[in-house]
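Colleague: Sharing input-v9.cif, mmCIF, C-alpha atoms:
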```cif
data_coords
#
loop_
_atom_site.label_atom_id
_atom_site.label_comp_id
_atom_site.auth_asym_id
_atom_site.auth_seq_id
_atom_site.Cartn_x
_atom_site.Cartn_y
_atom_site.Cartn_z
CA MET T 822 82.84 -25.97 -40.67
CA SER T 823 81.42 -22.50 -40.19
CA ASN T 824 82.94 -19.90 -37.89
CA VAL T 825 83.51 -21.66 -34.54
CA THR T 826 85.08 -19.83 -31.61
CA THR T 827 85.65 -20.92 -28.02
CA ARG T 828 86.52 -18.79 -25.02
CA LEU T 829 86.49 -18.60 -21.26
CA ALA T 830 83.10 -17.45 -20.07
CA GLU T 831 82.74 -14.27 -18.09
CA ILE T 832 80.63 -14.87 -15.01
CA PRO T 833 78.03 -13.66 -14.19
CA GLN T 834 77.42 -11.99 -17.60
CA ASP T 835 77.65 -15.21 -19.63
CA PHE T 836 75.76 -17.43 -17.23
CA PRO T 837 72.37 -16.96 -18.96
CA GLN T 838 73.87 -18.42 -22.16
CA ILE T 839 75.45 -21.30 -20.22
CA TYR T 840 72.18 -21.92 -18.38
CA LYS T 841 70.18 -22.02 -21.63
CA ILE T 842 72.47 -24.58 -23.29
CA ARG T 843 72.56 -26.81 -20.21
CA TYR T 844 68.81 -26.44 -19.71
CA LEU T 845 68.06 -27.51 -23.30
CA VAL T 846 70.55 -30.42 -23.33
CA PHE T 847 70.31 -31.83 -19.83
CA GLN T 848 66.82 -30.95 -18.61
CA ILE T 849 64.72 -30.87 -21.79
CA GLU T 850 66.54 -33.42 -23.95
CA GLN T 851 67.81 -35.82 -21.26
CA GLY T 852 65.31 -35.27 -18.46
CA VAL T 853 67.85 -34.41 -15.75
CA ASP T 854 66.39 -32.92 -12.57
CA PRO T 855 67.30 -29.19 -12.31
CA ILE T 856 68.47 -29.74 -8.72
CA LEU T 857 71.05 -32.24 -9.98
CA GLU T 858 72.06 -30.13 -12.98
CA PHE T 859 72.53 -26.89 -11.05
CA ASP T 860 74.29 -28.40 -8.07
CA GLY T 861 75.81 -25.34 -6.40
CA GLN T 862 79.27 -26.00 -7.88
CA ASP T 863 79.08 -23.45 -10.71
CA GLU T 864 80.41 -20.60 -8.58
CA GLN T 865 83.67 -22.51 -7.93
CA ALA T 866 84.12 -23.57 -11.56
CA GLN T 867 85.66 -22.05 -14.65
CA HIS T 868 83.19 -22.06 -17.56
CA ILE T 869 83.81 -22.32 -21.29
CA LEU T 870 81.53 -21.27 -24.16
CA THR T 871 81.71 -22.30 -27.81
CA TYR T 872 79.98 -20.26 -30.52
CA LEU T 873 78.94 -21.17 -34.04
CA ASP T 874 78.59 -18.09 -36.25
CA GLY T 875 78.27 -15.96 -33.10
CA LYS T 876 75.55 -18.10 -31.48
CA PRO T 877 76.37 -19.92 -28.21
CA VAL T 878 76.06 -23.65 -28.93
CA GLY T 879 78.31 -25.45 -26.45
CA THR T 880 79.54 -25.17 -22.91
CA ALA T 881 81.45 -27.00 -20.20
CA ARG T 882 82.78 -26.29 -16.75
CA ILE T 883 86.09 -27.12 -15.13
CA ARG T 884 86.57 -27.66 -11.44
CA PHE T 885 90.12 -27.74 -10.11
CA TRP T 886 90.75 -30.35 -7.42
CA ASP T 887 94.27 -29.02 -6.89
CA ASP T 888 97.05 -27.42 -8.96
CA ARG T 889 97.64 -30.60 -10.94
CA THR T 890 94.19 -32.18 -11.27
CA ALA T 891 90.98 -30.90 -12.84
CA LYS T 892 87.56 -32.35 -13.56
CA VAL T 893 85.64 -31.44 -16.72
CA GLU T 894 81.89 -31.43 -16.21
CA ARG T 895 78.61 -30.37 -17.81
CA VAL T 896 79.89 -30.71 -21.38
CA ALA T 897 76.90 -29.83 -23.53
CA VAL T 898 76.42 -29.12 -27.24
CA LEU T 899 73.03 -28.17 -28.66
CA ALA T 900 71.42 -31.05 -30.58
CA GLU T 901 70.99 -29.09 -33.81
CA VAL T 902 74.75 -28.57 -34.23
CA ARG T 903 76.08 -31.96 -33.11
CA GLY T 904 78.23 -33.78 -35.62
CA GLN T 905 79.91 -30.58 -36.81
CA GLY T 906 83.02 -30.80 -34.60
CA ILE T 907 81.71 -28.41 -31.94
CA GLY T 908 82.31 -30.87 -29.09
CA ARG T 909 85.83 -31.65 -30.31
CA THR T 910 86.64 -27.93 -30.59
CA LEU T 911 85.29 -27.32 -27.08
CA MET T 912 87.26 -30.21 -25.56
CA GLU T 913 90.48 -29.35 -27.41
CA TYR T 914 90.22 -25.80 -26.08
CA ILE T 915 89.75 -27.15 -22.54
CA LEU T 916 92.65 -29.61 -22.81
CA ASN T 917 94.97 -26.89 -24.17
CA LEU T 918 93.87 -24.50 -21.41
CA LEU T 919 94.55 -27.12 -18.74
CA ALA T 920 97.95 -27.99 -20.24
CA GLU T 921 98.87 -24.28 -20.15
CA LYS T 922 97.95 -24.28 -16.44
CA HIS T 923 100.26 -27.30 -15.95
CA VAL T 924 97.40 -29.60 -14.99
CA VAL T 925 98.68 -33.18 -15.19
CA GLU T 926 95.47 -35.19 -14.93
CA VAL T 927 91.96 -34.52 -16.24
CA ALA T 928 89.01 -36.50 -14.90
CA MET T 929 85.39 -36.69 -16.00
CA ASN T 930 82.27 -38.78 -15.71
CA ALA T 931 81.25 -39.42 -19.30
CA GLN T 932 77.83 -40.55 -20.43
CA GLU T 933 77.94 -44.03 -21.91
CA SER T 934 76.77 -42.73 -25.30
CA VAL T 935 79.89 -40.56 -25.74
CA ILE T 936 82.64 -42.83 -24.38
CA GLU T 937 84.07 -43.34 -27.87
CA PHE T 938 84.17 -39.57 -28.45
CA TYR T 939 86.32 -39.08 -25.35
CA GLU T 940 88.51 -42.09 -26.14
CA LYS T 941 89.38 -40.41 -29.46
CA LEU T 942 90.57 -37.43 -27.39
CA GLY T 943 92.88 -39.70 -25.37
CA PHE T 944 90.71 -40.39 -22.32
CA THR T 945 90.65 -43.90 -20.84
CA SER T 946 87.77 -45.51 -18.99
CA GLU T 947 88.07 -46.61 -15.37
CA GLY T 948 85.90 -49.08 -13.51
CA GLU T 949 82.34 -50.04 -14.31
CA LEU T 950 79.36 -48.09 -15.57
CA PHE T 951 77.36 -46.30 -12.88
CA GLU T 952 74.21 -44.25 -12.89
CA GLU T 953 74.29 -40.49 -12.47
CA ALA T 954 71.10 -38.43 -12.89
CA GLY T 955 69.43 -41.56 -14.27
CA ILE T 956 71.98 -41.86 -17.12
CA PRO T 957 74.75 -44.52 -17.41
CA HIS T 958 78.21 -42.95 -16.97
CA ILE T 959 81.79 -44.12 -16.66
CA LYS T 960 84.77 -42.46 -14.98
CA MET T 961 87.39 -41.38 -17.51
CA ARG T 962 90.86 -39.90 -17.14
CA LYS T 963 93.52 -38.36 -19.34
CA LEU T 964 97.13 -37.58 -18.50
CA LEU T 965 98.39 -34.35 -20.06
CA GLN T 966 102.09 -34.72 -19.25
#
```
Translate this file's structure into structure tokens.
Modeller:
Amino acid sequence: MSNVTTRLAEIPQDFPQIYKIRYLVFQIEQGVDPILEFDGQDEQAQHILTYLDGKPVGTARIRFWDDRTAKVERVAVLAEVRGQGIGRTLMEYILNLLAEKHVVEVAMNAQESVIEFYEKLGFTSEGELFEEAGIPHIKMRKLLQ
């Protein structure tokens, strides 16, 4: 793999990069309505950026429900770099960050097409598939401790 780095985003400076990745993945590629994608929760979230050779290619946000529980959302990797371990690097960074913060449980709503990816990271599915933004999702959880 080329030079991949991941870091906490600095808001508001990094938000244009985050916006571009999410715009390309969710709105252009998947057809998600911008009102659903940019839901007013970004200001209360912690954002992560992953770079490939200095170019921003992946992002996610974390919302903390309380001191012990967090939800990972808006995980997006640009189509042209998928399959190179970018998503795994991004998620491993997030899981390590949350473990350092003593978060016990991580939740997410995963798109059906990437359930297996998250299962390989130790997440388990809960309940039945449901539709979110016109895309089948399933609730997933992972215990960190």
Colleague: Near T:Val878, counting only C-alpha atoms, which residues have an atom at most 8 Å away, once you skip same-chain residues fewer than 5 positions from it, shown as JSON, numbers by chain?
Modeller: {"T": [842, 870, 871, 872, 873, 898, 899, 902, 907]}
Colleague: Give me the residues within 8 Å of T:Leu950 as number ranges by chain, counting all atoms listed in the file and dropping any in the same chain fewer than 2 places off.
Modeller: T: 933, 948, 952, 957-960
Colleague: If I take atom CA of T:Gln867 and atom CA of T:Arg882, how far is one from the other in Å, to one decimal?
Modeller: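 One can read the atom CA of T:Gln867 to atom CA of T:Arg882 distance as 5.5 Å.
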Colleague: For stretch 852-858 of chain T, find every residue with an atom within 9 Å (counting all atoms listed in the file), except residues of its own chain fewer than 2 positions away, and show them as a list in words.
Modeller: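 Everything that qualifies: Arg843, Tyr844, Val846, Phe847, Gln848, Ile849, Glu850, Asp860, Gly861, Arg895, Ala954, Gly955 and Ile956 of chain T.
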Colleague: Let me make sure I understand: among T:Glu926, T:Glu937, T:Asp863, T:Glu953, which one has the smallest atom-to-atom distance to T:Ile883 if we use only C-alpha atoms?
Modeller: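 Closest candidate: T:Asp863.
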Colleague: Between atom CA of T:Val925 and atom CA of T:Gly879, what is the distance, to one decimal in Å?
Modeller: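 Interatomic distance here is 24.5 Å.
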Colleague: Which distance in Å separates atom CA of T:His923 and atom CA of T:Asp887, to one decimal?
Modeller: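 Taking atom CA of T:His923 as the start and atom CA of T:Asp887 as the end point, the length is 11.0 Å.
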Colleague: Measuring between only C-alpha atoms, which one of T:Thr880, T:Gly908, T:Asn917, T:Ala928 shows the shortest distance to T:Pro837?
Modeller: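 When distances to T:Pro837 are compared using only C-alpha atoms, the smallest one comes from T:Thr880.
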Colleague: I need the residue nearest T:Gln932 from this list: T:Trp886, T:Phe951, T:Phe859, T:Tyr840. Use all atoms listed in the file for the distance.
Modeller: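 So, comparing all the options, the nearest one is T:Phe951.
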Colleague: Evaluate the PyMOL selection byres ((chain T and resi 929) around 8) here and jot the selected residues down as a PDB file with C-alpha atoms, keeping the file's coordinate frame.
Modeller:
```
ATOM      1  CA  LYS T 892      87.560 -32.350 -13.560  1.00  0.00           C
ATOM      2  CA  VAL T 893      85.640 -31.440 -16.720  1.00  0.00           C
ATOM      3  CA  GLU T 894      81.890 -31.430 -16.210  1.00  0.00           C
ATOM      4  CA  VAL T 927      91.960 -34.520 -16.240  1.00  0.00           C
ATOM      5  CA  ALA T 928      89.010 -36.500 -14.900  1.00  0.00           C
ATOM      6  CA  ASN T 930      82.270 -38.780 -15.710  1.00  0.00           C
ATOM      7  CA  ALA T 931      81.250 -39.420 -19.300  1.00  0.00           C
ATOM      8  CA  LYS T 960      84.770 -42.460 -14.980  1.00  0.00           C
ATOM      9  CA  MET T 961      87.390 -41.380 -17.510  1.00  0.00           C
ATOM     10  CA  ARG T 962      90.860 -39.900 -17.140  1.00  0.00           C
TER      11      ARG T 962
END
```
Colleague: From the set T:His868, T:Arg889, T:Arg903, T:Arg909, which residue has the shortest atom-to-atom contact distance to T:Leu965, counting only C-alpha atoms?
Modeller: T:Arg889
Colleague: Using all atoms listed in the file, which of T:Val825, T:Ile832, T:Ala891, T:Ile936 sits nearest T:Leu918?
Modeller: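 Looking only at the distances to T:Leu918, the closest residue turns out to be T:Ala891.
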Colleague: Since I can't run it myself right now, could you work out what the PyMOL selection byres ((chain T and resi 945) around 8) selects here and report it as number ranges by chain?
Modeller: T: 939-940, 943-944, 946-947, 961-963
Colleague: With distances taken over all atoms listed in the file, which of T:Gln966, T:Ser823, T:Gln905, T:Thr910 is nearest to T:Asp874?
Modeller: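 Among the listed residues, T:Ser823 lies closest to T:Asp874.
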